[in-house]
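To start, the structure under review is shown below, and the notes come after it.
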Amino acid sequence: MLDTLKNKINSIFSKIFLLILAASFALWGVGDIFSSRNNPGVAAVGKLDVTANEFIQTYQRILTELNKNADGQITEEVAQSLGLPRQTLSQLINEKIIDIEVEKANITVPDEHLKKLIYSSSLFKDQFGAFNKQQFQYVLRQLGMDEKIYFNEIKKSILRDQIRSPFAYANDISPVIKETYYNIRNESRSIKVINIAASNYKINDIPKDTEIQNKLNKDQEMYMNQELRSFSFISLKPADLIDTINISEEDLKTEYNNSPEKYNISEKRNVLLVNFQNKEEAIKIIEAINQLPQETSISEKLLNVLEKSPTQDHEEAKLGIIEYKDLPNEVSENVFKARENKLIGPEKTPFGWRIFLVSQIIPEIVKKYSDVKLEIEKELKVNVALEKMYDLGNAFYDEIAAGNGIEDAATAISAKVLKFKNIGANGIDAKGNVLNELPPYPNLMQTVFSANINDPSELINTIGNTIYAIQVEDIVPQSIMTFEEAKEQIIKDIQTEKSLNVALNIANEIIKKQNNKQDFESLAKEYNLVLLNADNVQKDGSGAEGILNDEALNQVFIIKNGKTTNPIKYNDNTYIVAKVEDVIPVVEINKEKLLELNLTISKEIANDIQELFIKNLTSKQKIKINEALLDSLFQNNS
């Protein structure tokens, strides 16, 4: 059983990272909203309760994880609309059901074995493969818990997995199913494609005004004048203040003397380091190195031996070029006093045995004051400028708080004001010209178009330590174009539509003639069209890049050999017709792809079985949800 647990430990730790609260704050702020003496149950599952604190912490944890993958777009309102509270409660209820089964089965994990598993986890190892107490404590701090609680949570996950393990996905399913499905999924096809571009059938007739007006009335959303905004812009960056700052010679020398490590280049060493479980294994490696030819460098010998070792990874031995600070003090002390190209060890450490080799020493470079004076001066000036910017920012807010506009605030902080008139959200003016003078800051126009008129924005930090603010002075709302404004574009659109209709009719003619056994190549010549060939098209689209779009790709793999697709709109200007020339079966099965497919199918089957298992257990338990408490947790939580 312990071997099974050891194999699962890494995945269990991953689950713990996702399933344990990463900070000690709850849904409404710091700390639990219920005391330990007053922590009501949101749900009762048999004799176990899902407490309010447990529910809130789990909900907040899941919401945090969702936002990590959604750039913070999942607000509490969105989460509630998606049913996250109910899903969270369902998850906790399922866990309680499994906990009841764990107790029935009387399964335990001895603490001593649990500690061994934790020590072996890669999550808590340093770059030398050894358990790192500091890393472990860092994890606990991130999770906001002590060792006792942490061990208990991991133990719960392990025990729950033991109950689920009979229903976990298998490593194999019926070879007939997997190979048949694999062959269908991975067959390729040879195709021929005829492109029918509307540009080949240009329509130059000018539509009547009534036709133009009808289209304008019908498709008003296509012919809109964009919303335009006029705004003032101010910005401030350290470079604007540099020339006003003077640093004394005394301050420059003090900085140099106080922080020599900032201006000198530390000694570096290229290091190979290997960890072993026991001394005998390390000695065998050394003996193997000594048996190699003398003309080979010691570093090459070490890597050659490690490459052939069944228990070592020669790539992991390469620490690369490092500084003293890159390693724990105990390790650096030995590494940085070792001689170049001398194999050191085996050395005993708290976590086993190791050997290491310094293959290159790059000496320290000590720079004189005169060499780095300008660099120090620039750095100090930037630091002073940043401090001044903070003060100027406060002065800006003081002006705004006094009811002044952005121009008065700019004067107070000696910032220039730039004016921009009638600009669209895409940076294009009313005449369709790109305004190159716009400051190239991310989200500038989003800020402009989310601001209220005559309200100065907050100071916004952007690239290069720059801060800026805007104030919208005028808004020209979006409006439907007049007949004259839209006329030219509508004429082009009507002509294009008619050209596309001609192209579609040609495509249908080609399909009809193809179905009457007329040769595909001769049809392309007859209509003076381009014929494209793709000899090895896969279902994932490889082999058909630039020839088929998604719709065409789907059709190609639905129709039979020798058949032709329907007309497919490839883009706004082109239709295509594709014919399957040959269906190419799988000749040799790719073992990696087969295994991946096998695991996918197995997991899907296992998930279905586990769902049935949970449903069966659920039916045997009395479950009661405190609906009033659940609803109250999401009321007035702003």
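Letters A, B, ... mark the chains of the structure tokens in the order given; residue numbers begin at 1 per chain; ligand numbers begin at 1, in order shown.
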TODO: Mind checking which residues fall within 9 Å of Glu627 (chain A), counting only C-alpha atoms, ignoring those fewer than 4 positions away in the same chain, and posting them as a list of chain:residue names?
DONE: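 The filter keeps A:Val42, A:Ala43, A:Asp631, A:Ser632.
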Task: Distance query region 280-297 of chain A at most 9 Å, only C-alpha atoms, self and fewer than 5 positions along chain excluded, as a ChimeraX atom specification - done: /A:274-275,302,304-306,309,341,343,345-346,353-355
Save the residues we just selected, N, CA, C and O atoms, as a compact mmCIF listing (two decimals), in the first residue's frame?
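Output (selection-v3.txt):
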# COMPACT_ATOMS: atom_id res chain seq x y z
N VAL A 274 26.36 16.06 -7.96
CA VAL A 274 25.51 14.87 -7.99
C VAL A 274 25.22 14.42 -6.57
O VAL A 274 26.13 14.37 -5.73
N ASN A 275 23.95 14.09 -6.28
CA ASN A 275 23.54 13.57 -4.98
C ASN A 275 23.31 12.06 -5.07
O ASN A 275 22.82 11.56 -6.09
N LEU A 302 33.01 12.73 -15.86
CA LEU A 302 31.88 12.69 -14.93
C LEU A 302 30.56 12.61 -15.69
O LEU A 302 29.69 11.79 -15.36
N ASN A 304 30.01 11.58 -18.80
CA ASN A 304 29.91 10.31 -19.52
C ASN A 304 29.45 9.18 -18.60
O ASN A 304 28.60 8.36 -18.96
N VAL A 305 30.01 9.15 -17.38
CA VAL A 305 29.64 8.10 -16.42
C VAL A 305 28.18 8.28 -15.98
O VAL A 305 27.42 7.31 -15.91
N LEU A 306 27.79 9.53 -15.71
CA LEU A 306 26.42 9.78 -15.27
C LEU A 306 25.41 9.45 -16.36
O LEU A 306 24.31 8.97 -16.08
N SER A 309 24.62 5.93 -16.17
CA SER A 309 24.11 5.45 -14.89
C SER A 309 22.59 5.31 -14.92
O SER A 309 21.90 6.21 -15.36
N ASN A 341 38.74 21.81 -11.59
CA ASN A 341 38.93 20.49 -12.22
C ASN A 341 39.44 19.44 -11.24
O ASN A 341 40.20 18.53 -11.62
N LEU A 343 37.83 16.63 -8.60
CA LEU A 343 36.60 15.98 -8.15
C LEU A 343 36.60 15.92 -6.63
O LEU A 343 37.55 15.42 -6.01
N GLY A 345 34.76 14.69 -3.09
CA GLY A 345 33.79 13.77 -2.51
C GLY A 345 34.25 12.32 -2.59
O GLY A 345 35.34 12.03 -3.06
N PRO A 346 33.40 11.43 -2.08
CA PRO A 346 32.03 11.72 -1.61
C PRO A 346 32.02 12.45 -0.26
O PRO A 346 32.79 12.14 0.62
N TRP A 353 24.70 11.62 0.27
CA TRP A 353 26.09 11.83 -0.11
C TRP A 353 26.15 12.58 -1.43
O TRP A 353 25.22 12.50 -2.24
N ARG A 354 27.24 13.31 -1.65
CA ARG A 354 27.37 14.04 -2.90
C ARG A 354 28.83 14.09 -3.34
O ARG A 354 29.75 13.96 -2.54
N ILE A 355 29.00 14.27 -4.66
CA ILE A 355 30.29 14.62 -5.23
C ILE A 355 30.07 15.84 -6.11
O ILE A 355 28.97 16.03 -6.64
TODO: DSSP on the backbone, then: every residue of region 45-171 of chain A marked strand (DSSP E), written as a list of chain:residue names.
DONE: A:Val45, A:Leu48, A:Asp49, A:Val50, A:Thr51
Create the file for the chosen residues now, containing N, CA and C atoms and written as an mmCIF file, in the first residue's frame.
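Just written: out22.cif:
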data_model
loop_
_atom_site.group_PDB
_atom_site.id
_atom_site.type_symbol
_atom_site.label_atom_id
_atom_site.label_comp_id
_atom_site.auth_asym_id
_atom_site.auth_seq_id
_atom_site.Cartn_x
_atom_site.Cartn_y
_atom_site.Cartn_z
ATOM 1 N N VAL A 45 -23.888 15.995 6.425
ATOM 2 C CA VAL A 45 -23.746 14.768 5.625
ATOM 3 C C VAL A 45 -23.571 13.624 6.616
ATOM 4 N N LEU A 48 -21.364 14.105 9.736
ATOM 5 C CA LEU A 48 -20.356 15.134 9.479
ATOM 6 C C LEU A 48 -21.017 16.422 8.993
ATOM 7 N N ASP A 49 -20.383 17.546 9.301
ATOM 8 C CA ASP A 49 -20.893 18.851 8.865
ATOM 9 C C ASP A 49 -19.921 19.512 7.899
ATOM 10 N N VAL A 50 -20.482 20.227 6.931
ATOM 11 C CA VAL A 50 -19.705 21.184 6.140
ATOM 12 C C VAL A 50 -19.921 22.519 6.820
ATOM 13 N N THR A 51 -18.899 23.009 7.532
ATOM 14 C CA THR A 51 -19.065 24.231 8.316
ATOM 15 C C THR A 51 -19.033 25.460 7.422
#
TODO: Return as a VMD selection string the full set of residues in region 281-397 of chain A whose backbone-based DSSP assignment is alpha helix (DSSP H).
DONE: chain A and resid 281 to 290 298 to 308 329 to 335 369 to 397
TODO: May I have the residues within 7 Å of Ile191 (chain A) as a VMD selection string, using only C-alpha atoms and disregarding those fewer than 6 positions away in the same chain?
DONE: chain A and resid 533 to 535 578 to 581
Open item on the list: Could you list, as a ChimeraX atom specification, every residue within 12 Å of Glu364 (chain A), counting only C-alpha atoms and ignoring same-chain residues fewer than 5 positions away?
Closed with: /A:260-261,263-269,323-324,336
Could you please take those selected residues and save all heavy atoms as a JSON list (two decimals), in the first residue's frame?
[["chain", "number", "residue", "atom", "x", "y", "z"],
["A", 260, "PRO", "N", 29.56, 47.80, -2.66],
["A", 260, "PRO", "CA", 30.51, 47.38, -3.70],
["A", 260, "PRO", "C", 30.00, 46.21, -4.55],
["A", 260, "PRO", "O", 30.33, 46.10, -5.72],
["A", 260, "PRO", "CB", 31.75, 46.97, -2.90],
["A", 260, "PRO", "CG", 31.23, 46.66, -1.52],
["A", 260, "PRO", "CD", 30.10, 47.60, -1.32],
["A", 261, "GLU", "N", 29.15, 45.36, -3.93],
["A", 261, "GLU", "CA", 28.65, 44.20, -4.67],
["A", 261, "GLU", "C", 27.77, 44.60, -5.85],
["A", 261, "GLU", "O", 27.61, 43.82, -6.81],
["A", 261, "GLU", "CB", 27.86, 43.27, -3.73],
["A", 261, "GLU", "CG", 26.51, 43.79, -3.26],
["A", 261, "GLU", "CD", 26.58, 44.84, -2.16],
["A", 261, "GLU", "OE1", 27.71, 45.08, -1.66],
["A", 261, "GLU", "OE2", 25.55, 45.41, -1.80],
["A", 263, "TYR", "N", 28.43, 47.01, -7.92],
["A", 263, "TYR", "CA", 29.22, 47.55, -9.03],
["A", 263, "TYR", "C", 30.39, 46.64, -9.41],
["A", 263, "TYR", "O", 31.07, 46.88, -10.41],
["A", 263, "TYR", "CB", 29.72, 48.94, -8.67],
["A", 263, "TYR", "CG", 28.58, 49.83, -8.20],
["A", 263, "TYR", "CD1", 28.45, 50.20, -6.87],
["A", 263, "TYR", "CD2", 27.61, 50.24, -9.09],
["A", 263, "TYR", "CE1", 27.39, 50.98, -6.45],
["A", 263, "TYR", "CE2", 26.54, 51.03, -8.68],
["A", 263, "TYR", "CZ", 26.44, 51.39, -7.35],
["A", 263, "TYR", "OH", 25.38, 52.14, -6.93],
["A", 264, "ASN", "N", 30.63, 45.61, -8.61],
["A", 264, "ASN", "CA", 31.66, 44.63, -8.94],
["A", 264, "ASN", "C", 31.00, 43.36, -9.46],
["A", 264, "ASN", "O", 29.84, 43.09, -9.16],
["A", 264, "ASN", "CB", 32.51, 44.31, -7.71],
["A", 264, "ASN", "CG", 33.24, 45.53, -7.20],
["A", 264, "ASN", "OD1", 33.61, 46.40, -7.99],
["A", 264, "ASN", "ND2", 33.44, 45.62, -5.89],
["A", 265, "ILE", "N", 31.73, 42.60, -10.22],
["A", 265, "ILE", "CA", 31.22, 41.34, -10.76],
["A", 265, "ILE", "C", 31.77, 40.21, -9.92],
["A", 265, "ILE", "O", 32.99, 40.01, -9.84],
["A", 265, "ILE", "CB", 31.61, 41.17, -12.24],
["A", 265, "ILE", "CG1", 31.04, 42.34, -13.06],
["A", 265, "ILE", "CG2", 31.11, 39.84, -12.78],
["A", 265, "ILE", "CD1", 31.47, 42.32, -14.52],
["A", 266, "SER", "N", 30.87, 39.49, -9.24],
["A", 266, "SER", "CA", 31.29, 38.43, -8.33],
["A", 266, "SER", "C", 31.95, 37.28, -9.07],
["A", 266, "SER", "O", 31.72, 37.06, -10.27],
["A", 266, "SER", "CB", 30.09, 37.90, -7.55],
["A", 266, "SER", "OG", 29.46, 38.92, -6.83],
["A", 267, "GLU", "N", 32.76, 36.55, -8.32],
["A", 267, "GLU", "CA", 33.35, 35.32, -8.89],
["A", 267, "GLU", "C", 32.24, 34.34, -9.24],
["A", 267, "GLU", "O", 31.27, 34.19, -8.50],
["A", 267, "GLU", "CB", 34.30, 34.69, -7.87],
["A", 267, "GLU", "CG", 34.90, 33.37, -8.34],
["A", 267, "GLU", "CD", 35.74, 32.69, -7.28],
["A", 267, "GLU", "OE1", 36.40, 33.41, -6.48],
["A", 267, "GLU", "OE2", 35.73, 31.45, -7.21],
["A", 268, "LYS", "N", 32.40, 33.69, -10.36],
["A", 268, "LYS", "CA", 31.42, 32.70, -10.81],
["A", 268, "LYS", "C", 32.14, 31.37, -11.05],
["A", 268, "LYS", "O", 33.33, 31.35, -11.38],
["A", 268, "LYS", "CB", 30.71, 33.15, -12.09],
["A", 268, "LYS", "CG", 29.86, 34.40, -11.93],
["A", 268, "LYS", "CD", 29.17, 34.76, -13.25],
["A", 268, "LYS", "CE", 28.23, 35.95, -13.10],
["A", 268, "LYS", "NZ", 28.93, 37.19, -12.71],
["A", 269, "ARG", "N", 31.39, 30.29, -10.90],
["A", 269, "ARG", "CA", 31.97, 28.96, -11.11],
["A", 269, "ARG", "C", 30.98, 28.08, -11.87],
["A", 269, "ARG", "O", 29.78, 28.13, -11.62],
["A", 269, "ARG", "CB", 32.32, 28.31, -9.77],
["A", 269, "ARG", "CG", 33.39, 29.09, -9.02],
["A", 269, "ARG", "CD", 34.01, 28.32, -7.87],
["A", 269, "ARG", "NE", 35.22, 28.97, -7.43],
["A", 269, "ARG", "CZ", 36.20, 28.35, -6.76],
["A", 269, "ARG", "NH1", 36.08, 27.05, -6.46],
["A", 269, "ARG", "NH2", 37.29, 29.00, -6.40],
["A", 323, "GLU", "N", 26.89, 31.90, -8.83],
["A", 323, "GLU", "CA", 27.58, 32.74, -7.86],
["A", 323, "GLU", "C", 27.40, 32.14, -6.47],
["A", 323, "GLU", "O", 26.57, 31.25, -6.26],
["A", 323, "GLU", "CB", 27.01, 34.16, -7.88],
["A", 323, "GLU", "CG", 27.18, 34.88, -9.20],
["A", 323, "GLU", "CD", 26.62, 36.30, -9.16],
["A", 323, "GLU", "OE1", 26.41, 36.81, -8.04],
["A", 323, "GLU", "OE2", 26.38, 36.87, -10.23],
["A", 324, "TYR", "N", 28.15, 32.66, -5.52],
["A", 324, "TYR", "CA", 28.10, 32.15, -4.14],
["A", 324, "TYR", "C", 26.68, 32.19, -3.60],
["A", 324, "TYR", "O", 26.22, 31.25, -2.96],
["A", 324, "TYR", "CB", 29.03, 32.99, -3.27],
["A", 324, "TYR", "CG", 29.26, 32.43, -1.89],
["A", 324, "TYR", "CD1", 30.43, 31.71, -1.59],
["A", 324, "TYR", "CD2", 28.33, 32.60, -0.86],
["A", 324, "TYR", "CE1", 30.64, 31.19, -0.32],
["A", 324, "TYR", "CE2", 28.54, 32.09, 0.40],
["A", 324, "TYR", "CZ", 29.69, 31.38, 0.67],
["A", 324, "TYR", "OH", 29.90, 30.85, 1.92],
["A", 336, "PHE", "N", 33.09, 27.03, -3.36],
["A", 336, "PHE", "CA", 33.90, 28.20, -3.71],
["A", 336, "PHE", "C", 35.29, 28.20, -3.06],
["A", 336, "PHE", "O", 36.05, 29.14, -3.24],
["A", 336, "PHE", "CB", 33.15, 29.48, -3.38],
["A", 336, "PHE", "CG", 32.19, 29.87, -4.47],
["A", 336, "PHE", "CD1", 30.94, 29.27, -4.58],
["A", 336, "PHE", "CD2", 32.54, 30.81, -5.43],
["A", 336, "PHE", "CE1", 30.07, 29.60, -5.60],
["A", 336, "PHE", "CE2", 31.68, 31.15, -6.45],
["A", 336, "PHE", "CZ", 30.44, 30.55, -6.55]]
TODO: Counting only C-alpha atoms, figure out which residue out of A:Gln87, A:Lys620, A:Ile547, A:Ile245 gets nearest to Thr574 (chain A).
DONE: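 Of the candidates, the smallest distance to Thr574 (chain A) is held by A:Ile547.
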TODO: Quick one: everything within 12 Å of Ala544 (chain A), counting only C-alpha atoms, minus sequence neighbours fewer than 2 positions away in the same chain. Send it as a list of chain:residue names.
DONE: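 Residues near the query, excluding close chain neighbours: A:Ser188, A:Arg189, A:Ser190, A:Ile191, A:Lys192, A:Val193, A:Leu532, A:Asn533, A:Ala534, A:Asp535, A:Asn536, A:Val537, A:Gln538, A:Lys539, A:Asp540, A:Gly541, A:Ser542, A:Gly546, A:Ile547, A:Leu548, A:Asn549, A:Asp550, A:Ala552, A:Leu553, A:Asn554, A:Val556, A:Ala578.
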Open item on the list: Env of region 504-519 of chain A: 9 Å cut, atoms = only C-alpha atoms, seq-sep filter 5 positions within chain, self excluded. Answer as a ChimeraX atom specification.
Closed with: /A:194-196,198,499,524,527,563-569,574-577
